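Student: Let me begin by handing over the structure; questions about it come next.
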Amino acid sequence: HIDIVTRAPDRLTQVTRQLAGAFPKLRIENWSQFDSSLYAAIHFEKYIMLVILGLMFVIASFNMSGNMFRNIVRKRRSIGILKTLGCRSGDIIALFVRQGLIIALAGILAGILLSLLALFLQARFGIVHLPVGNLPDLVLPVDIRWQDYLAIPLAALLLTGLSIYLPARKAGQVDPIVLIREIT
């Protein structure tokens, strides 16, 4: 039993094939084959994290909708005044959608920057280690897949867009006549 450590964990499959070609009579396996249950758990963790992240987006969307509805109730008189001055429902909707998108984009941008910082720190300093059988701890490799990295903020933007539009549409339906009757 001989352990070989490579400085390029992202090229693990290539190095394994090269060694197997160079030593055809020996059984060469990489850590993903040697400890296949750990390797499968790491892949499964990615999908579980996506589900958890999706549930967090849904919860955040409900929170944002609730805050928007609360804001609309608070600003109901102002909305009524704007409508009596000739503001159209579409203008009111656009106003609240812009407000919500600014908040959502600030949160998404902060999330992107914090995640890039975490990935940089892991790649640079190897903060998270994985125990692999009898071998020394393996530093969790960082593999940025831009399609995943872009899909998550786009999904967050889509969910928040939906959660913003529904309350904004409600703001556009405020009837100034009903508000005037309530005041007098």
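In the structure tokens, chains take the letters A, B, ... in the order shown, each chain's residues start at 1, and ligands count up from 1 in the order shown.
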What are the closest atom pairs, with distances in Å to one decimal, for all residues of range 69-124 of chain A lying within 10 Å of range 168-180 of chain A? Consider only C-alpha atoms, order rows by chain and residue number, and present the result as JSON lines.
Tutor:
```
{"residue": "A:Phe69", "atom": "CA", "partner": "A:Ala168", "partner_atom": "CA", "distance": 8.1}
{"residue": "A:Asn71", "atom": "CA", "partner": "A:Ala171", "partner_atom": "CA", "distance": 9.6}
{"residue": "A:Ile72", "atom": "CA", "partner": "A:Ala171", "partner_atom": "CA", "distance": 6.0}
{"residue": "A:Val73", "atom": "CA", "partner": "A:Ala171", "partner_atom": "CA", "distance": 8.4}
{"residue": "A:Lys75", "atom": "CA", "partner": "A:Ala171", "partner_atom": "CA", "distance": 9.0}
{"residue": "A:Arg76", "atom": "CA", "partner": "A:Val174", "partner_atom": "CA", "distance": 7.3}
{"residue": "A:Arg77", "atom": "CA", "partner": "A:Leu179", "partner_atom": "CA", "distance": 7.0}
{"residue": "A:Ser78", "atom": "CA", "partner": "A:Pro176", "partner_atom": "CA", "distance": 9.7}
{"residue": "A:Ile79", "atom": "CA", "partner": "A:Val174", "partner_atom": "CA", "distance": 7.1}
{"residue": "A:Gly80", "atom": "CA", "partner": "A:Pro176", "partner_atom": "CA", "distance": 4.4}
{"residue": "A:Ile81", "atom": "CA", "partner": "A:Pro176", "partner_atom": "CA", "distance": 7.0}
{"residue": "A:Leu82", "atom": "CA", "partner": "A:Pro176", "partner_atom": "CA", "distance": 8.7}
{"residue": "A:Lys83", "atom": "CA", "partner": "A:Pro176", "partner_atom": "CA", "distance": 6.4}
{"residue": "A:Thr84", "atom": "CA", "partner": "A:Pro176", "partner_atom": "CA", "distance": 6.3}
{"residue": "A:Leu85", "atom": "CA", "partner": "A:Pro176", "partner_atom": "CA", "distance": 10.0}
{"residue": "A:Cys87", "atom": "CA", "partner": "A:Gly172", "partner_atom": "CA", "distance": 9.8}
{"residue": "A:Arg88", "atom": "CA", "partner": "A:Gly172", "partner_atom": "CA", "distance": 7.9}
{"residue": "A:Ser89", "atom": "CA", "partner": "A:Gly172", "partner_atom": "CA", "distance": 4.4}
{"residue": "A:Gly90", "atom": "CA", "partner": "A:Gly172", "partner_atom": "CA", "distance": 6.6}
{"residue": "A:Asp91", "atom": "CA", "partner": "A:Gly172", "partner_atom": "CA", "distance": 7.9}
{"residue": "A:Ile92", "atom": "CA", "partner": "A:Gly172", "partner_atom": "CA", "distance": 5.4}
{"residue": "A:Ile93", "atom": "CA", "partner": "A:Ala168", "partner_atom": "CA", "distance": 4.8}
{"residue": "A:Ala94", "atom": "CA", "partner": "A:Ala168", "partner_atom": "CA", "distance": 7.6}
{"residue": "A:Leu95", "atom": "CA", "partner": "A:Ala168", "partner_atom": "CA", "distance": 8.1}
{"residue": "A:Phe96", "atom": "CA", "partner": "A:Ala168", "partner_atom": "CA", "distance": 5.4}
{"residue": "A:Val97", "atom": "CA", "partner": "A:Ala168", "partner_atom": "CA", "distance": 6.1}
{"residue": "A:Arg98", "atom": "CA", "partner": "A:Ala168", "partner_atom": "CA", "distance": 9.6}
{"residue": "A:Gln99", "atom": "CA", "partner": "A:Ala168", "partner_atom": "CA", "distance": 9.7}
{"residue": "A:Gly100", "atom": "CA", "partner": "A:Ala168", "partner_atom": "CA", "distance": 8.9}
```
Student: Please, could you write that set of residues out with N, CA and C atoms as a PDB file, in the first residue's frame?
Tutor:
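After the write, selection.pdb holds the following:
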```pdb
ATOM      1  N   PHE A  69     -46.000  44.254   2.033  1.00  0.00           N
ATOM      2  CA  PHE A  69     -47.409  44.461   2.390  1.00  0.00           C
ATOM      3  C   PHE A  69     -47.526  45.429   3.570  1.00  0.00           C
ATOM      4  N   ASN A  71     -45.388  47.747   4.403  1.00  0.00           N
ATOM      5  CA  ASN A  71     -45.017  49.064   3.891  1.00  0.00           C
ATOM      6  C   ASN A  71     -46.173  49.695   3.119  1.00  0.00           C
ATOM      7  N   ILE A  72     -46.883  48.894   2.358  1.00  0.00           N
ATOM      8  CA  ILE A  72     -48.021  49.398   1.575  1.00  0.00           C
ATOM      9  C   ILE A  72     -49.139  49.842   2.503  1.00  0.00           C
ATOM     10  N   VAL A  73     -49.399  49.075   3.555  1.00  0.00           N
ATOM     11  CA  VAL A  73     -50.442  49.458   4.513  1.00  0.00           C
ATOM     12  C   VAL A  73     -50.053  50.775   5.189  1.00  0.00           C
ATOM     13  N   LYS A  75     -48.148  53.117   3.971  1.00  0.00           N
ATOM     14  CA  LYS A  75     -48.127  54.200   2.982  1.00  0.00           C
ATOM     15  C   LYS A  75     -49.458  54.347   2.239  1.00  0.00           C
ATOM     16  N   ARG A  76     -50.478  53.721   2.734  1.00  0.00           N
ATOM     17  CA  ARG A  76     -51.763  53.701   2.039  1.00  0.00           C
ATOM     18  C   ARG A  76     -52.303  55.107   1.772  1.00  0.00           C
ATOM     19  N   ARG A  77     -52.220  55.967   2.759  1.00  0.00           N
ATOM     20  CA  ARG A  77     -52.697  57.352   2.572  1.00  0.00           C
ATOM     21  C   ARG A  77     -51.874  58.063   1.503  1.00  0.00           C
ATOM     22  N   SER A  78     -50.563  57.873   1.541  1.00  0.00           N
ATOM     23  CA  SER A  78     -49.692  58.519   0.541  1.00  0.00           C
ATOM     24  C   SER A  78     -50.007  58.007  -0.851  1.00  0.00           C
ATOM     25  N   ILE A  79     -50.291  56.715  -0.956  1.00  0.00           N
ATOM     26  CA  ILE A  79     -50.655  56.136  -2.255  1.00  0.00           C
ATOM     27  C   ILE A  79     -51.960  56.759  -2.734  1.00  0.00           C
ATOM     28  N   GLY A  80     -52.928  56.903  -1.824  1.00  0.00           N
ATOM     29  CA  GLY A  80     -54.202  57.519  -2.177  1.00  0.00           C
ATOM     30  C   GLY A  80     -54.024  58.954  -2.644  1.00  0.00           C
ATOM     31  N   ILE A  81     -53.161  59.702  -1.963  1.00  0.00           N
ATOM     32  CA  ILE A  81     -52.900  61.091  -2.366  1.00  0.00           C
ATOM     33  C   ILE A  81     -52.260  61.130  -3.742  1.00  0.00           C
ATOM     34  N   LEU A  82     -51.284  60.253  -3.977  1.00  0.00           N
ATOM     35  CA  LEU A  82     -50.642  60.202  -5.303  1.00  0.00           C
ATOM     36  C   LEU A  82     -51.665  59.890  -6.403  1.00  0.00           C
ATOM     37  N   LYS A  83     -52.586  58.984  -6.109  1.00  0.00           N
ATOM     38  CA  LYS A  83     -53.609  58.629  -7.107  1.00  0.00           C
ATOM     39  C   LYS A  83     -54.569  59.782  -7.355  1.00  0.00           C
ATOM     40  N   THR A  84     -54.931  60.536  -6.309  1.00  0.00           N
ATOM     41  CA  THR A  84     -55.832  61.677  -6.524  1.00  0.00           C
ATOM     42  C   THR A  84     -55.131  62.786  -7.285  1.00  0.00           C
ATOM     43  N   LEU A  85     -53.819  62.835  -7.225  1.00  0.00           N
ATOM     44  CA  LEU A  85     -53.059  63.829  -7.990  1.00  0.00           C
ATOM     45  C   LEU A  85     -52.815  63.392  -9.425  1.00  0.00           C
ATOM     46  N   CYS A  87     -51.619  60.119 -10.418  1.00  0.00           N
ATOM     47  CA  CYS A  87     -50.671  59.015 -10.597  1.00  0.00           C
ATOM     48  C   CYS A  87     -51.453  57.758 -10.995  1.00  0.00           C
ATOM     49  N   ARG A  88     -50.977  57.059 -12.010  1.00  0.00           N
ATOM     50  CA  ARG A  88     -51.659  55.837 -12.455  1.00  0.00           C
ATOM     51  C   ARG A  88     -51.242  54.648 -11.599  1.00  0.00           C
ATOM     52  N   SER A  89     -52.046  53.606 -11.650  1.00  0.00           N
ATOM     53  CA  SER A  89     -51.747  52.386 -10.891  1.00  0.00           C
ATOM     54  C   SER A  89     -50.411  51.787 -11.311  1.00  0.00           C
ATOM     55  N   GLY A  90     -50.109  51.823 -12.593  1.00  0.00           N
ATOM     56  CA  GLY A  90     -48.838  51.296 -13.095  1.00  0.00           C
ATOM     57  C   GLY A  90     -47.644  52.030 -12.516  1.00  0.00           C
ATOM     58  N   ASP A  91     -47.799  53.348 -12.308  1.00  0.00           N
ATOM     59  CA  ASP A  91     -46.711  54.128 -11.702  1.00  0.00           C
ATOM     60  C   ASP A  91     -46.484  53.714 -10.250  1.00  0.00           C
ATOM     61  N   ILE A  92     -47.573  53.481  -9.529  1.00  0.00           N
ATOM     62  CA  ILE A  92     -47.467  53.048  -8.124  1.00  0.00           C
ATOM     63  C   ILE A  92     -46.808  51.673  -8.055  1.00  0.00           C
ATOM     64  N   ILE A  93     -47.242  50.779  -8.932  1.00  0.00           N
ATOM     65  CA  ILE A  93     -46.649  49.429  -8.970  1.00  0.00           C
ATOM     66  C   ILE A  93     -45.154  49.527  -9.261  1.00  0.00           C
ATOM     67  N   ALA A  94     -44.796  50.337 -10.268  1.00  0.00           N
ATOM     68  CA  ALA A  94     -43.378  50.490 -10.645  1.00  0.00           C
ATOM     69  C   ALA A  94     -42.556  51.050  -9.486  1.00  0.00           C
ATOM     70  N   LEU A  95     -43.134  51.969  -8.725  1.00  0.00           N
ATOM     71  CA  LEU A  95     -42.437  52.552  -7.582  1.00  0.00           C
ATOM     72  C   LEU A  95     -42.094  51.489  -6.546  1.00  0.00           C
ATOM     73  N   PHE A  96     -43.074  50.653  -6.196  1.00  0.00           N
ATOM     74  CA  PHE A  96     -42.820  49.617  -5.190  1.00  0.00           C
ATOM     75  C   PHE A  96     -41.943  48.493  -5.732  1.00  0.00           C
ATOM     76  N   VAL A  97     -42.072  48.179  -7.015  1.00  0.00           N
ATOM     77  CA  VAL A  97     -41.199  47.153  -7.610  1.00  0.00           C
ATOM     78  C   VAL A  97     -39.749  47.632  -7.585  1.00  0.00           C
ATOM     79  N   ARG A  98     -39.520  48.909  -7.938  1.00  0.00           N
ATOM     80  CA  ARG A  98     -38.154  49.449  -7.890  1.00  0.00           C
ATOM     81  C   ARG A  98     -37.587  49.389  -6.472  1.00  0.00           C
ATOM     82  N   GLN A  99     -38.403  49.779  -5.508  1.00  0.00           N
ATOM     83  CA  GLN A  99     -37.956  49.749  -4.119  1.00  0.00           C
ATOM     84  C   GLN A  99     -37.563  48.318  -3.721  1.00  0.00           C
ATOM     85  N   GLY A 100     -38.394  47.356  -4.046  1.00  0.00           N
ATOM     86  CA  GLY A 100     -38.104  45.962  -3.704  1.00  0.00           C
ATOM     87  C   GLY A 100     -36.894  45.421  -4.436  1.00  0.00           C
TER      88      GLY A 100
END
```
Student: Can you tell me which residues surround Leu109 in chain A at a distance of at most 12 Å, considering only C-alpha atoms, apart from same-chain residues fewer than 4 positions away, and format the answer as a ChimeraX atom specification?
Tutor: /A:101-105,113-116,150,152-154,156-157
Student: List as a tab-separated table every residue of range 6-98 of chain A that is in contact with range 142-146 of chain A, defined as an atom at most 12 Å from one of its atoms (using only C-alpha atoms), together with the nearest atom pair and the distance in Å rounded to one decimal, sorted by chain and then rising number.
Tutor:
```
residue	atom	partner	partner_atom	distance
A:Ala8	CA	A:Val142	CA	11.6
A:Pro9	CA	A:Val142	CA	9.7
A:Asp10	CA	A:Asp143	CA	8.0
A:Arg11	CA	A:Asp143	CA	11.6
A:Lys46	CA	A:Asp143	CA	11.9
```
Student: Write out as an NGL selection string which residues come within 12 Å of Thr6 in chain A when counting only C-alpha atoms, dropping same-chain ones fewer than 2 positions away.
Tutor: :A and (3-4 or 8-16 or 19 or 30-31 or 138-139)
Student: Can you spit out the residues from that selection as a compact mmCIF listing (two decimals), in the first residue's frame, using all heavy atoms?
Tutor:
```txt
# COMPACT_ATOMS: atom_id res chain seq x y z
N ASP A 3 0.85 5.48 -0.64
CA ASP A 3 0.04 6.68 -0.79
C ASP A 3 0.83 7.71 -1.58
O ASP A 3 2.01 7.96 -1.30
CB ASP A 3 -0.30 7.30 0.57
CG ASP A 3 -1.20 6.39 1.40
OD1 ASP A 3 -1.94 5.60 0.79
OD2 ASP A 3 -1.17 6.50 2.63
N ILE A 4 0.18 8.27 -2.58
CA ILE A 4 0.78 9.33 -3.39
C ILE A 4 -0.12 10.54 -3.28
O ILE A 4 -1.33 10.44 -3.50
CB ILE A 4 0.94 8.90 -4.86
CG1 ILE A 4 1.85 7.68 -4.95
CG2 ILE A 4 1.47 10.05 -5.69
CD1 ILE A 4 1.97 7.10 -6.33
N ALA A 8 -2.18 18.79 -7.38
CA ALA A 8 -3.27 19.25 -8.25
C ALA A 8 -4.49 18.36 -8.03
O ALA A 8 -4.77 17.46 -8.82
CB ALA A 8 -2.83 19.20 -9.71
N PRO A 9 -5.26 18.60 -6.95
CA PRO A 9 -6.41 17.73 -6.67
C PRO A 9 -7.50 17.83 -7.74
O PRO A 9 -8.28 16.90 -7.90
CB PRO A 9 -6.92 18.22 -5.31
CG PRO A 9 -6.34 19.56 -5.11
CD PRO A 9 -5.08 19.62 -5.92
N ASP A 10 -7.52 18.91 -8.49
CA ASP A 10 -8.52 19.03 -9.56
C ASP A 10 -8.19 18.14 -10.75
O ASP A 10 -9.04 17.87 -11.58
CB ASP A 10 -8.66 20.50 -9.99
CG ASP A 10 -7.34 21.12 -10.40
OD1 ASP A 10 -6.31 20.77 -9.80
OD2 ASP A 10 -7.34 21.96 -11.33
N ARG A 11 -6.96 17.65 -10.83
CA ARG A 11 -6.54 16.76 -11.91
C ARG A 11 -6.38 15.33 -11.41
O ARG A 11 -5.62 14.54 -11.96
CB ARG A 11 -5.23 17.26 -12.50
CG ARG A 11 -5.35 18.58 -13.21
CD ARG A 11 -4.07 18.99 -13.92
NE ARG A 11 -3.38 17.86 -14.49
CZ ARG A 11 -2.06 17.70 -14.46
NH1 ARG A 11 -1.30 18.57 -13.89
NH2 ARG A 11 -1.50 16.65 -15.01
N LEU A 12 -7.11 14.98 -10.37
CA LEU A 12 -6.96 13.68 -9.72
C LEU A 12 -7.23 12.52 -10.67
O LEU A 12 -6.49 11.54 -10.71
CB LEU A 12 -7.91 13.61 -8.51
CG LEU A 12 -7.69 12.48 -7.53
CD1 LEU A 12 -6.30 12.56 -6.93
CD2 LEU A 12 -8.73 12.56 -6.44
N THR A 13 -8.26 12.63 -11.49
CA THR A 13 -8.59 11.55 -12.43
C THR A 13 -7.48 11.38 -13.46
O THR A 13 -7.10 10.24 -13.78
CB THR A 13 -9.93 11.87 -13.12
OG1 THR A 13 -10.91 12.12 -12.12
CG2 THR A 13 -10.39 10.71 -13.98
N GLN A 14 -6.94 12.48 -13.97
CA GLN A 14 -5.86 12.38 -14.96
C GLN A 14 -4.61 11.74 -14.35
O GLN A 14 -3.98 10.88 -14.98
CB GLN A 14 -5.49 13.79 -15.47
CG GLN A 14 -6.52 14.40 -16.39
CD GLN A 14 -6.12 15.82 -16.75
OE1 GLN A 14 -5.95 16.64 -15.87
NE2 GLN A 14 -5.95 16.07 -18.04
N VAL A 15 -4.26 12.16 -13.14
CA VAL A 15 -3.07 11.60 -12.48
C VAL A 15 -3.26 10.11 -12.23
O VAL A 15 -2.35 9.31 -12.45
CB VAL A 15 -2.78 12.37 -11.17
CG1 VAL A 15 -1.70 11.68 -10.36
CG2 VAL A 15 -2.40 13.80 -11.46
N THR A 16 -4.47 9.71 -11.83
CA THR A 16 -4.76 8.29 -11.59
C THR A 16 -4.59 7.49 -12.88
O THR A 16 -3.99 6.41 -12.87
CB THR A 16 -6.18 8.13 -11.03
OG1 THR A 16 -6.32 8.91 -9.85
CG2 THR A 16 -6.49 6.68 -10.70
N LEU A 19 -0.86 7.18 -13.79
CA LEU A 19 -0.17 6.18 -12.95
C LEU A 19 -0.59 4.76 -13.33
O LEU A 19 0.23 3.84 -13.35
CB LEU A 19 -0.46 6.45 -11.47
CG LEU A 19 0.25 7.65 -10.86
CD1 LEU A 19 -0.27 7.92 -9.46
CD2 LEU A 19 1.76 7.42 -10.84
N ASN A 30 -7.81 6.39 -6.80
CA ASN A 30 -7.72 7.67 -6.12
C ASN A 30 -8.62 7.66 -4.89
O ASN A 30 -9.33 6.70 -4.64
CB ASN A 30 -8.06 8.83 -7.08
CG ASN A 30 -9.45 8.74 -7.65
OD1 ASN A 30 -10.38 8.31 -6.97
ND2 ASN A 30 -9.60 9.16 -8.89
N TRP A 31 -8.60 8.73 -4.13
CA TRP A 31 -9.35 8.74 -2.86
C TRP A 31 -10.85 8.62 -3.08
O TRP A 31 -11.55 8.12 -2.22
CB TRP A 31 -9.00 9.98 -2.03
CG TRP A 31 -9.57 11.26 -2.56
CD1 TRP A 31 -9.00 12.10 -3.47
CD2 TRP A 31 -10.82 11.84 -2.20
NE1 TRP A 31 -9.83 13.16 -3.71
CE2 TRP A 31 -10.95 13.03 -2.94
CE3 TRP A 31 -11.85 11.48 -1.34
CZ2 TRP A 31 -12.06 13.85 -2.84
CZ3 TRP A 31 -12.95 12.31 -1.25
CH2 TRP A 31 -13.05 13.48 -1.99
N LEU A 138 -7.50 15.82 3.88
CA LEU A 138 -7.51 16.42 2.55
C LEU A 138 -8.19 17.78 2.65
O LEU A 138 -9.24 17.91 3.26
CB LEU A 138 -8.28 15.52 1.57
CG LEU A 138 -8.49 16.05 0.17
CD1 LEU A 138 -7.18 15.99 -0.60
CD2 LEU A 138 -9.54 15.23 -0.54
N VAL A 139 -7.57 18.79 2.09
CA VAL A 139 -8.18 20.12 2.07
C VAL A 139 -9.33 20.09 1.07
O VAL A 139 -9.17 19.61 -0.06
CB VAL A 139 -7.15 21.20 1.67
CG1 VAL A 139 -7.82 22.54 1.50
CG2 VAL A 139 -6.04 21.26 2.69
```
Student: I want to know what sits within 12 Å of Arg124 in chain A, based on only C-alpha atoms, with residues of the same chain fewer than 3 positions away left out; could you give that as a short mmCIF file (atom, residue, chain, number, x, y, z; two decimals) with N, CA, C and O atoms, in the first residue's frame?
Tutor:
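New file part_20.cif:
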```
data_model
loop_
_atom_site.label_atom_id
_atom_site.label_comp_id
_atom_site.auth_asym_id
_atom_site.auth_seq_id
_atom_site.Cartn_x
_atom_site.Cartn_y
_atom_site.Cartn_z
N LEU A 116 -17.86 34.74 -2.56
CA LEU A 116 -16.55 34.81 -3.23
C LEU A 116 -15.41 34.92 -2.21
O LEU A 116 -14.37 34.29 -2.38
N LEU A 117 -15.65 35.69 -1.16
CA LEU A 117 -14.64 35.81 -0.11
C LEU A 117 -14.41 34.46 0.57
O LEU A 117 -13.27 34.05 0.78
N ALA A 118 -15.50 33.75 0.88
CA ALA A 118 -15.37 32.43 1.52
C ALA A 118 -14.64 31.45 0.60
O ALA A 118 -13.78 30.68 1.05
N LEU A 119 -14.96 31.46 -0.69
CA LEU A 119 -14.29 30.56 -1.63
C LEU A 119 -12.81 30.92 -1.77
O LEU A 119 -11.95 30.03 -1.84
N PHE A 120 -12.51 32.21 -1.81
CA PHE A 120 -11.11 32.64 -1.89
C PHE A 120 -10.33 32.19 -0.66
O PHE A 120 -9.22 31.67 -0.77
N LEU A 121 -10.93 32.38 0.54
CA LEU A 121 -10.25 31.97 1.76
C LEU A 121 -10.02 30.46 1.81
O LEU A 121 -8.95 30.00 2.24
N ILE A 127 -9.20 26.20 4.81
CA ILE A 127 -9.80 26.23 6.15
C ILE A 127 -10.54 24.93 6.47
O ILE A 127 -10.43 24.40 7.57
N VAL A 128 -11.26 24.38 5.50
CA VAL A 128 -12.05 23.16 5.71
C VAL A 128 -11.25 21.95 5.25
O VAL A 128 -10.79 21.90 4.11
N VAL A 139 -7.57 18.79 2.09
CA VAL A 139 -8.18 20.12 2.07
C VAL A 139 -9.33 20.09 1.07
O VAL A 139 -9.17 19.61 -0.06
N LEU A 140 -10.50 20.55 1.51
CA LEU A 140 -11.67 20.59 0.63
C LEU A 140 -11.36 21.47 -0.57
O LEU A 140 -11.09 22.67 -0.41
N PRO A 141 -11.35 20.89 -1.76
CA PRO A 141 -10.99 21.70 -2.94
C PRO A 141 -12.12 22.66 -3.31
O PRO A 141 -13.28 22.41 -3.05
N VAL A 142 -11.74 23.77 -3.91
CA VAL A 142 -12.70 24.77 -4.36
C VAL A 142 -12.83 24.63 -5.87
O VAL A 142 -11.84 24.69 -6.59
#
```
Student: Between A:Gly111, A:Ala41, A:Ala123, A:Gln33, single out the one closest to Leu53 in chain A, counting only C-alpha atoms.
Tutor: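 Selected residue with least distance to Leu53 in chain A: A:Gly111.
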Student: State, in Å with one decimal place, the distance from CA of Ile108 in chain A to CA of Met56 in chain A.
Tutor: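 Separation between CA of Ile108 in chain A and CA of Met56 in chain A: 12.9 Å.
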Student: Quick one: DSSP alpha helix (DSSP H) residues in chain A, as a ChimeraX atom specification?
Tutor: /A:12-22,31-34,36-74,76-84,89-125,146-172,176-183
Student: Take the selection from the previous step and output its residues with C-alpha atoms, as a compact mmCIF listing (two decimals), in the first residue's frame.
Tutor:
```
# COMPACT_ATOMS: atom_id res chain seq x y z
CA LEU A 12 -6.96 13.68 -9.72
CA THR A 13 -8.59 11.55 -12.43
CA GLN A 14 -5.86 12.38 -14.96
CA VAL A 15 -3.07 11.60 -12.48
CA THR A 16 -4.76 8.29 -11.59
CA ARG A 17 -5.00 7.32 -15.27
CA GLN A 18 -1.35 8.27 -15.90
CA LEU A 19 -0.17 6.18 -12.95
CA ALA A 20 -2.35 3.25 -14.02
CA GLY A 21 -0.86 3.46 -17.51
CA ALA A 22 2.66 3.65 -16.13
CA TRP A 31 -9.35 8.74 -2.86
CA SER A 32 -12.77 8.96 -4.49
CA GLN A 33 -12.53 5.25 -5.32
CA PHE A 34 -10.74 4.32 -2.10
CA SER A 36 -16.31 6.01 -2.24
CA SER A 37 -18.84 6.56 0.55
CA LEU A 38 -17.19 9.88 1.46
CA TYR A 39 -17.03 10.87 -2.20
CA ALA A 40 -20.72 10.04 -2.68
CA ALA A 41 -21.59 11.98 0.49
CA ILE A 42 -19.79 15.06 -0.84
CA HIS A 43 -21.74 14.91 -4.10
CA PHE A 44 -24.99 14.31 -2.24
CA GLU A 45 -24.21 17.27 0.02
CA LYS A 46 -24.18 19.59 -2.99
CA TYR A 47 -27.76 18.67 -3.85
CA ILE A 48 -28.89 18.92 -0.24
CA MET A 49 -27.30 22.36 0.00
CA LEU A 50 -29.18 23.44 -3.13
CA VAL A 51 -32.47 22.29 -1.57
CA ILE A 52 -31.67 24.09 1.68
CA LEU A 53 -30.68 27.21 -0.24
CA GLY A 54 -33.93 27.04 -2.21
CA LEU A 55 -35.93 26.80 1.01
CA MET A 56 -34.02 29.79 2.39
CA PHE A 57 -34.94 31.74 -0.75
CA VAL A 58 -38.61 30.85 -0.28
CA ILE A 59 -38.52 31.96 3.36
CA ALA A 60 -36.75 35.18 2.43
CA SER A 61 -39.34 35.78 -0.31
CA PHE A 62 -42.20 35.40 2.17
CA ASN A 63 -40.40 37.77 4.52
CA MET A 64 -39.94 40.29 1.74
CA SER A 65 -43.60 40.01 0.70
CA GLY A 66 -44.69 40.56 4.29
CA ASN A 67 -42.49 43.61 4.62
CA MET A 68 -43.77 45.00 1.33
CA PHE A 69 -47.41 44.46 2.39
CA ARG A 70 -46.67 46.16 5.72
CA ASN A 71 -45.02 49.06 3.89
CA ILE A 72 -48.02 49.40 1.58
CA VAL A 73 -50.44 49.46 4.51
CA ARG A 74 -48.31 52.13 6.18
CA ARG A 76 -51.76 53.70 2.04
CA ARG A 77 -52.70 57.35 2.57
CA SER A 78 -49.69 58.52 0.54
CA ILE A 79 -50.66 56.14 -2.25
CA GLY A 80 -54.20 57.52 -2.18
CA ILE A 81 -52.90 61.09 -2.37
CA LEU A 82 -50.64 60.20 -5.30
CA LYS A 83 -53.61 58.63 -7.11
CA THR A 84 -55.83 61.68 -6.52
CA SER A 89 -51.75 52.39 -10.89
CA GLY A 90 -48.84 51.30 -13.10
CA ASP A 91 -46.71 54.13 -11.70
CA ILE A 92 -47.47 53.05 -8.12
CA ILE A 93 -46.65 49.43 -8.97
CA ALA A 94 -43.38 50.49 -10.65
CA LEU A 95 -42.44 52.55 -7.58
CA PHE A 96 -42.82 49.62 -5.19
CA VAL A 97 -41.20 47.15 -7.61
CA ARG A 98 -38.15 49.45 -7.89
CA GLN A 99 -37.96 49.75 -4.12
CA GLY A 100 -38.10 45.96 -3.70
CA LEU A 101 -35.59 45.31 -6.48
CA ILE A 102 -33.09 47.69 -4.92
CA ILE A 103 -33.35 45.79 -1.63
CA ALA A 104 -33.18 42.41 -3.39
CA LEU A 105 -30.21 43.36 -5.57
CA ALA A 106 -28.33 44.70 -2.53
CA GLY A 107 -28.88 41.37 -0.75
CA ILE A 108 -27.90 39.31 -3.79
CA LEU A 109 -24.77 41.38 -4.37
CA ALA A 110 -23.79 41.06 -0.69
CA GLY A 111 -24.33 37.28 -0.94
CA ILE A 112 -22.16 37.04 -4.06
CA LEU A 113 -19.35 39.05 -2.48
CA LEU A 114 -19.43 37.09 0.80
CA SER A 115 -19.46 33.75 -1.01
CA LEU A 116 -16.55 34.81 -3.23
CA LEU A 117 -14.64 35.81 -0.11
CA ALA A 118 -15.37 32.43 1.52
CA LEU A 119 -14.29 30.56 -1.63
CA PHE A 120 -11.11 32.64 -1.89
CA LEU A 121 -10.25 31.97 1.76
CA GLN A 122 -10.83 28.22 1.29
CA ALA A 123 -8.73 28.12 -1.88
CA ARG A 124 -5.94 30.20 -0.37
CA PHE A 125 -5.76 28.94 3.23
CA TRP A 146 -19.90 29.56 -13.05
CA GLN A 147 -23.17 28.07 -14.29
CA ASP A 148 -24.05 27.19 -10.67
CA TYR A 149 -22.68 30.44 -9.39
CA LEU A 150 -24.84 32.45 -11.80
CA ALA A 151 -27.94 30.24 -11.54
CA ILE A 152 -28.34 30.78 -7.81
CA PRO A 153 -28.47 34.61 -7.92
CA LEU A 154 -30.79 34.43 -10.93
CA ALA A 155 -33.11 32.09 -9.03
CA ALA A 156 -32.99 34.45 -6.03
CA LEU A 157 -33.82 37.39 -8.29
CA LEU A 158 -36.73 35.51 -9.86
CA LEU A 159 -38.20 34.52 -6.49
CA THR A 160 -37.78 37.98 -5.02
CA GLY A 161 -39.23 39.51 -8.17
CA LEU A 162 -42.37 37.45 -7.73
CA SER A 163 -42.55 38.27 -4.04
CA ILE A 164 -42.20 41.96 -4.83
CA TYR A 165 -44.71 42.13 -7.67
CA LEU A 166 -47.68 40.69 -5.78
CA PRO A 167 -47.64 43.33 -2.99
CA ALA A 168 -46.84 46.08 -5.51
CA ARG A 169 -49.90 45.10 -7.52
CA LYS A 170 -51.94 45.38 -4.34
CA ALA A 171 -50.59 48.93 -3.87
CA GLY A 172 -51.76 49.80 -7.37
CA PRO A 176 -58.46 56.92 -3.26
CA ILE A 177 -62.25 57.39 -2.93
CA VAL A 178 -62.41 54.70 -0.22
CA LEU A 179 -59.51 56.37 1.58
CA ILE A 180 -61.23 59.77 1.50
CA ARG A 181 -64.38 58.21 2.96
CA GLU A 182 -62.33 56.58 5.72
CA ILE A 183 -60.65 59.87 6.65
```
